[in-house]
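What follows is entry-v2.txt (compact mmCIF, C-alpha atoms).
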# COMPACT_ATOMS: atom_id res chain seq x y z
CA MET C 14 133.24 -29.79 62.81
CA THR C 15 132.16 -32.28 65.45
CA GLU C 16 128.61 -33.53 65.78
CA LEU C 17 127.53 -34.13 69.33
CA GLY C 18 124.64 -35.75 71.15
CA GLY C 19 123.79 -39.28 72.12
CA ALA C 20 126.79 -39.55 74.41
CA GLU C 21 126.30 -41.57 77.57
CA SER C 22 126.29 -39.61 80.78
CA GLN C 23 129.21 -40.12 83.12
CA ASP C 24 129.97 -39.13 86.66
CA VAL C 25 132.32 -36.16 86.46
CA PRO C 26 133.16 -34.33 89.65
CA VAL C 27 135.00 -31.06 88.92
CA VAL C 28 134.91 -29.48 85.50
CA HIS C 29 137.12 -26.56 84.46
CA PHE C 30 135.44 -23.83 82.39
CA ALA C 31 138.32 -21.71 81.08
CA ASP C 32 135.96 -18.89 80.03
CA GLY C 33 133.54 -19.27 82.90
CA ILE C 34 129.88 -19.22 81.95
CA PRO C 35 128.12 -16.18 80.43
CA GLY C 36 126.85 -14.11 83.35
CA PHE C 37 129.50 -15.74 85.57
CA PRO C 38 132.72 -15.28 83.57
CA GLN C 39 134.95 -15.32 86.65
CA ILE C 40 133.87 -18.78 87.86
CA GLN C 41 136.05 -21.44 86.26
CA ASN C 42 135.63 -24.47 88.50
CA TRP C 43 132.26 -26.17 88.71
CA ALA C 44 131.22 -29.43 90.33
CA LEU C 45 128.99 -31.68 88.27
CA VAL C 46 127.01 -34.17 90.32
CA ARG C 47 124.24 -36.57 89.36
CA LEU C 48 120.98 -35.97 91.16
CA ASP C 49 119.47 -39.34 90.26
CA GLU C 50 120.66 -42.85 89.58
CA LEU C 51 119.76 -42.71 85.89
CA GLY C 52 121.95 -39.69 85.23
CA SER C 53 118.99 -37.80 83.76
CA VAL C 54 119.60 -34.69 85.86
CA PHE C 55 122.82 -33.08 87.05
CA ASP C 56 123.61 -30.41 89.59
CA LEU C 57 126.21 -27.93 88.26
CA TYR C 58 127.46 -25.71 91.04
CA ALA C 59 130.22 -23.17 91.39
CA LEU C 60 133.20 -24.02 93.57
CA ASP C 61 133.99 -20.38 94.35
CA GLY C 62 131.75 -20.33 97.41
CA SER C 63 129.17 -18.06 95.77
CA GLY C 64 126.42 -20.67 95.91
CA THR C 65 125.80 -20.30 92.17
CA ARG C 66 124.01 -23.41 91.02
CA PHE C 67 122.24 -24.74 87.93
CA VAL C 68 120.09 -27.74 87.22
CA THR C 69 121.17 -29.33 83.95
CA VAL C 70 119.85 -32.26 81.95
CA PRO C 71 121.65 -34.34 79.33
CA SER C 72 120.16 -33.36 75.98
CA PHE C 73 119.37 -36.96 74.99
CA SER C 74 116.99 -37.39 77.94
CA PHE C 75 114.55 -34.79 76.69
CA PHE C 76 115.60 -33.86 73.16
CA PRO C 77 116.89 -37.08 71.55
CA ASP C 78 117.12 -35.46 68.11
CA TYR C 79 119.15 -32.51 69.35
CA ALA C 80 122.63 -32.65 67.84
CA PRO C 81 124.47 -29.35 68.22
CA VAL C 82 127.41 -28.77 65.91
CA ILE C 83 130.35 -27.11 67.58
CA SER C 84 133.26 -25.45 65.86
CA ASP C 85 136.72 -26.97 65.65
CA ASP C 86 137.95 -24.11 67.85
CA VAL C 87 135.61 -25.15 70.66
CA ALA C 88 136.47 -28.83 70.18
CA ASP C 89 140.16 -27.94 70.39
CA GLN C 90 139.63 -25.81 73.48
CA LEU C 91 137.89 -28.74 75.19
CA GLU C 92 140.47 -31.20 73.77
CA LEU C 93 137.57 -33.14 72.28
CA THR C 94 138.80 -35.67 69.77
CA ASP C 95 136.12 -38.32 70.21
CA GLU C 96 132.45 -37.36 70.35
CA LYS C 97 131.89 -40.19 72.84
CA ASP C 98 133.70 -38.03 75.40
CA ALA C 99 131.23 -35.18 74.94
CA LEU C 100 128.46 -34.80 77.46
CA VAL C 101 125.85 -32.36 76.17
CA LEU C 102 124.02 -30.69 79.04
CA LEU C 103 121.19 -28.17 78.88
CA ILE C 104 120.73 -25.55 81.58
CA VAL C 105 117.20 -25.79 82.98
CA THR C 106 115.12 -22.85 84.11
CA VAL C 107 113.19 -24.59 86.88
CA GLY C 108 109.49 -23.81 87.01
CA ALA C 109 106.91 -24.70 89.66
CA ASP C 110 106.71 -28.21 88.21
CA LEU C 111 108.24 -30.24 85.40
CA PRO C 112 105.90 -29.06 82.61
CA SER C 113 106.66 -25.41 83.35
CA SER C 114 110.43 -25.94 83.36
CA THR C 115 112.45 -25.09 80.26
CA ALA C 116 115.85 -25.92 78.81
CA ASN C 117 118.32 -23.71 76.99
CA LEU C 118 118.91 -25.25 73.55
CA ALA C 119 120.62 -22.13 72.18
CA ALA C 120 123.66 -22.46 74.41
CA PRO C 121 124.37 -26.02 75.57
CA VAL C 122 127.03 -26.82 78.11
CA ILE C 123 129.53 -29.18 76.50
CA VAL C 124 131.72 -31.20 78.85
CA ASN C 125 134.67 -33.34 77.87
CA SER C 126 134.03 -36.10 80.38
CA THR C 127 137.58 -37.45 80.04
CA LYS C 128 139.54 -34.20 80.30
CA LEU C 129 136.99 -32.53 82.61
CA LYS C 130 136.90 -29.39 80.52
CA GLY C 131 133.68 -27.56 79.83
CA ALA C 132 132.23 -24.59 77.99
CA GLN C 133 128.82 -23.14 77.43
CA VAL C 134 128.72 -22.89 73.67
CA VAL C 135 126.66 -20.19 72.00
CA LEU C 136 125.39 -21.87 68.83
CA GLU C 137 125.08 -20.01 65.53
CA ASP C 138 121.58 -21.40 64.88
CA ALA C 139 119.26 -18.51 65.78
CA THR C 140 116.16 -20.76 65.61
CA LEU C 141 117.15 -22.68 68.77
CA SER C 142 115.15 -21.70 71.85
CA LEU C 143 116.59 -20.28 75.06
CA ARG C 144 113.53 -21.65 76.85
CA ALA C 145 112.29 -24.86 75.27
CA PRO C 146 109.60 -26.64 77.37
CA LEU C 147 110.84 -29.88 78.90
CA ALA C 148 107.36 -31.35 79.04
CA PRO C 149 106.43 -32.85 75.64
CA SER C 150 108.66 -35.92 75.63
CA ALA C 151 109.05 -36.05 79.39
CA VAL C 152 105.56 -36.98 80.55
CA GLY C 153 103.93 -39.86 78.77
CA MET W 18 135.68 5.38 74.45
CA LEU W 19 138.36 5.51 71.79
CA VAL W 20 136.83 6.38 68.41
CA LEU W 21 138.66 5.58 65.17
CA SER W 22 137.64 5.98 61.52
CA ARG W 23 138.46 3.10 59.18
CA ARG W 24 137.81 2.41 55.51
CA THR W 25 136.93 -0.94 53.94
CA GLY W 26 139.99 -3.17 54.05
CA GLU W 27 141.57 -1.27 56.94
CA SER W 28 142.13 -2.79 60.35
CA ILE W 29 142.69 -2.01 63.97
CA VAL W 30 144.99 -3.99 66.23
CA ILE W 31 144.08 -4.60 69.89
CA GLY W 32 146.92 -5.73 72.11
CA ASN W 33 149.51 -7.92 70.43
CA ASP W 34 147.37 -10.52 68.81
CA ILE W 35 143.87 -9.30 67.98
CA THR W 36 143.15 -7.72 64.60
CA ILE W 37 139.75 -6.49 63.49
CA THR W 38 139.32 -5.70 59.80
CA VAL W 39 136.44 -3.87 58.13
CA LEU W 40 135.54 -6.24 55.27
CA GLU W 41 132.47 -4.61 53.81
CA VAL W 42 130.12 -1.70 54.43
CA ARG W 43 126.66 -1.94 52.93
CA GLY W 44 124.06 0.52 54.21
CA ASP W 45 123.99 0.20 57.99
CA VAL W 46 125.52 -3.29 57.96
CA ILE W 47 129.25 -3.59 58.50
CA ARG W 48 131.02 -6.93 58.10
CA LEU W 49 134.01 -7.34 60.36
CA GLY W 50 136.77 -9.92 60.21
CA ILE W 51 138.24 -10.83 63.57
CA ASP W 52 141.64 -12.48 63.99
CA ALA W 53 142.22 -13.52 67.56
CA PRO W 54 143.85 -16.36 69.47
CA ARG W 55 141.56 -19.29 70.18
CA SER W 56 141.64 -18.46 73.86
CA VAL W 57 139.77 -15.22 73.13
CA VAL W 58 136.02 -15.76 72.93
CA VAL W 59 134.15 -13.50 70.51
CA HIS W 60 130.37 -13.05 70.73
CA ARG W 61 127.72 -10.80 69.25
CA GLN W 62 126.96 -8.65 72.27
CA GLU W 63 123.15 -8.95 72.23
CA VAL W 64 123.34 -12.75 71.90
CA TYR W 65 125.88 -13.02 74.71
CA GLU W 66 123.73 -10.79 76.93
CA GLN W 67 120.64 -12.93 76.27
CA ILE W 68 122.52 -16.07 77.30
CA ALA W 69 123.98 -14.36 80.38
CA GLU W 70 120.51 -13.14 81.40
CA ALA W 71 118.98 -16.60 80.86
CA ASN W 72 121.77 -18.08 83.01
CA ARG W 73 121.20 -15.56 85.80
CA GLU W 74 117.48 -16.43 85.76
CA ALA W 75 118.25 -20.16 85.80
CA THR W 76 120.31 -20.18 89.01
CA VAL W 77 118.69 -22.28 91.74
CA SER W 78 119.18 -23.16 95.38
CA ALA W 79 120.30 -26.67 96.38
CA GLU W 80 116.75 -27.24 97.62
CA GLN W 81 115.22 -26.26 94.26
CA ALA W 82 117.63 -28.61 92.51
CA SER W 83 116.59 -31.55 94.72
CA THR W 84 112.92 -30.72 94.27
CA PHE W 85 113.37 -30.72 90.50
CA ALA W 86 115.14 -34.09 90.65
CA ALA W 87 112.24 -35.43 92.75
CA HIS W 88 109.70 -34.19 90.16
CA LEU W 89 111.75 -35.90 87.48
CA GLY W 90 111.78 -39.15 89.47
CA LYS W 91 107.99 -39.15 89.39
CA ASN W 92 107.89 -38.43 85.67
CA PRO W 93 110.83 -40.40 84.29
CA THR W 94 111.76 -39.77 80.69
CA ALA W 95 111.13 -42.60 78.27
Take the structure in the file and give it back as structure tokens.
Amino acid sequence: MTELGGAESQDVPVVHFADGIPGFPQIQNWALVRLDELGSVFDLYALDGSGTRFVTVPSFSFFPDYAPVISDDVADQLELTDEKDALVLLIVTVGADLPSSTANLAAPVIVNSTKLKGAQVVLEDATLSLRAPLAPSAVG
Amino acid sequence: MLVLSRRTGESIVIGNDITITVLEVRGDVIRLGIDAPRSVVVHRQEVYEQIAEANREATVSAEQASTFAAHLGKNPTA
């Protein structure tokens, strides 16, 4: 088992998702682009011309204690051998403003920033929220 | 839909490399063992559907993504 979280964000252009993303299983190639200088928000968009796009945030920006445990199978699939290579991104459901936006903690997007391989991992922990408010730690 | 009857300990084989074995039947709960290559992803259907639905709801336009980043710029974390 590999414990993730706390990894530094890196600029990674095109990430290959061998299994696609649930809801979009046929889309394997996604561009990952920083939307700010700090690397606290990333644009994840499909390269199949469909215009499918997500806003994602690195977990450590909003949920510093979040440390998903992924199986060895997933780590192998992503060729993850060093947790420093793992970028843990959360898909955001964008609301009208920041406090009404939520993040999916139940199924983080794990990216191997060296190999440019990614997967949205469905975690076994049923207590994790699909729609956790971003607000509490975000606005001081 | 193909319908097969199996007893505890019996299996079905799908394709060349996927085997599903009935491990235990207790009331209306059936425990299944799944042997599949690592390239085959296995999910509980209702969990997978929830994630897929959440993803479909989370898709945004490029404009929405920029607006969100702008909101974040005004309320930086930490």
When you look at Arg55 (chain W) with a cut-off of 12 Å (counting all atoms listed in the file), what residues show up, excluding the ones that are within fewer than 5 positions of it in the same chain? I need them as an NGL selection string.
(:C and (31-32 or 84-91)) or (:W and (34-35))
Residues of chain W at most 10 Å from chain C: nearest atom pair and distance in Å, all atoms listed in the file, as a tab-separated table:
residue	atom	partner	partner_atom	distance
W:Pro54	CA	C:Asp86	CA	9.9
W:Arg55	CA	C:Asp86	CA	6.5
W:Ser56	CA	C:Gln90	CA	7.6
W:Val57	CA	C:Asp32	CA	8.7
W:Val58	CA	C:Asp32	CA	7.8
W:His60	CA	C:Val135	CA	8.1
W:Arg61	CA	C:Val135	CA	9.8
W:Val64	CA	C:Val135	CA	8.1
W:Tyr65	CA	C:Pro35	CA	6.9
W:Glu66	CA	C:Pro35	CA	7.8
W:Gln67	CA	C:Leu143	CA	8.5
W:Ile68	CA	C:Pro35	CA	6.4
W:Ala69	CA	C:Gly36	CA	4.1
W:Glu70	CA	C:Gly36	CA	6.7
W:Ala71	CA	C:Leu143	CA	7.3
W:Asn72	CA	C:Gly36	CA	6.5
W:Arg73	CA	C:Gly36	CA	6.3
W:Glu74	CA	C:Thr106	CA	7.0
W:Ala75	CA	C:Thr106	CA	4.5
W:Thr76	CA	C:Phe67	CA	5.1
W:Val77	CA	C:Arg66	CA	5.5
W:Ser78	CA	C:Arg66	CA	6.5
W:Ala79	CA	C:Arg66	CA	7.3
W:Gln81	CA	C:Val107	CA	7.8
W:Ala82	CA	C:Val68	CA	5.9
W:Ser83	CA	C:Leu48	CA	7.2
W:Thr84	CA	C:Asp110	CA	9.0
W:Phe85	CA	C:Val107	CA	7.1
W:Ala86	CA	C:Leu48	CA	6.2
W:Ala87	CA	C:Asp49	CA	8.6
W:His88	CA	C:Leu111	CA	6.4
W:Leu89	CA	C:Leu111	CA	7.0
W:Gly90	CA	C:Asp49	CA	7.7
W:Lys91	CA	C:Val152	CA	9.4
W:Asn92	CA	C:Val152	CA	5.8
W:Pro93	CA	C:Ala151	CA	6.8
W:Thr94	CA	C:Ala151	CA	4.8
W:Ala95	CA	C:Ala151	CA	7.0
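Here CA of Leu129 (chain C) stands at a distance of 28.9 Å from CA of Ile51 (chain W).
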Pairwise distance, CA of Ala99 (chain C) with CA of Gly50 (chain W), equals 29.8 Å
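Contact shell of Val39 (chain W) at 8 Å (all atoms listed in the file; same-chain neighbours under 3 positions omitted): W:Arg23, W:Arg24, W:Thr25, W:Gly26, W:Glu27, W:Ser28, W:Val42, W:Ile47, W:Arg48, W:Leu49, W:Gly50.
For Ser72 (chain C), the non-local neighbours within 6 Å, defined as residues at least 4 positions apart in the same chain or in other chains and counting all atoms listed in the file, are C:Phe76, C:Val101, C:Leu102.
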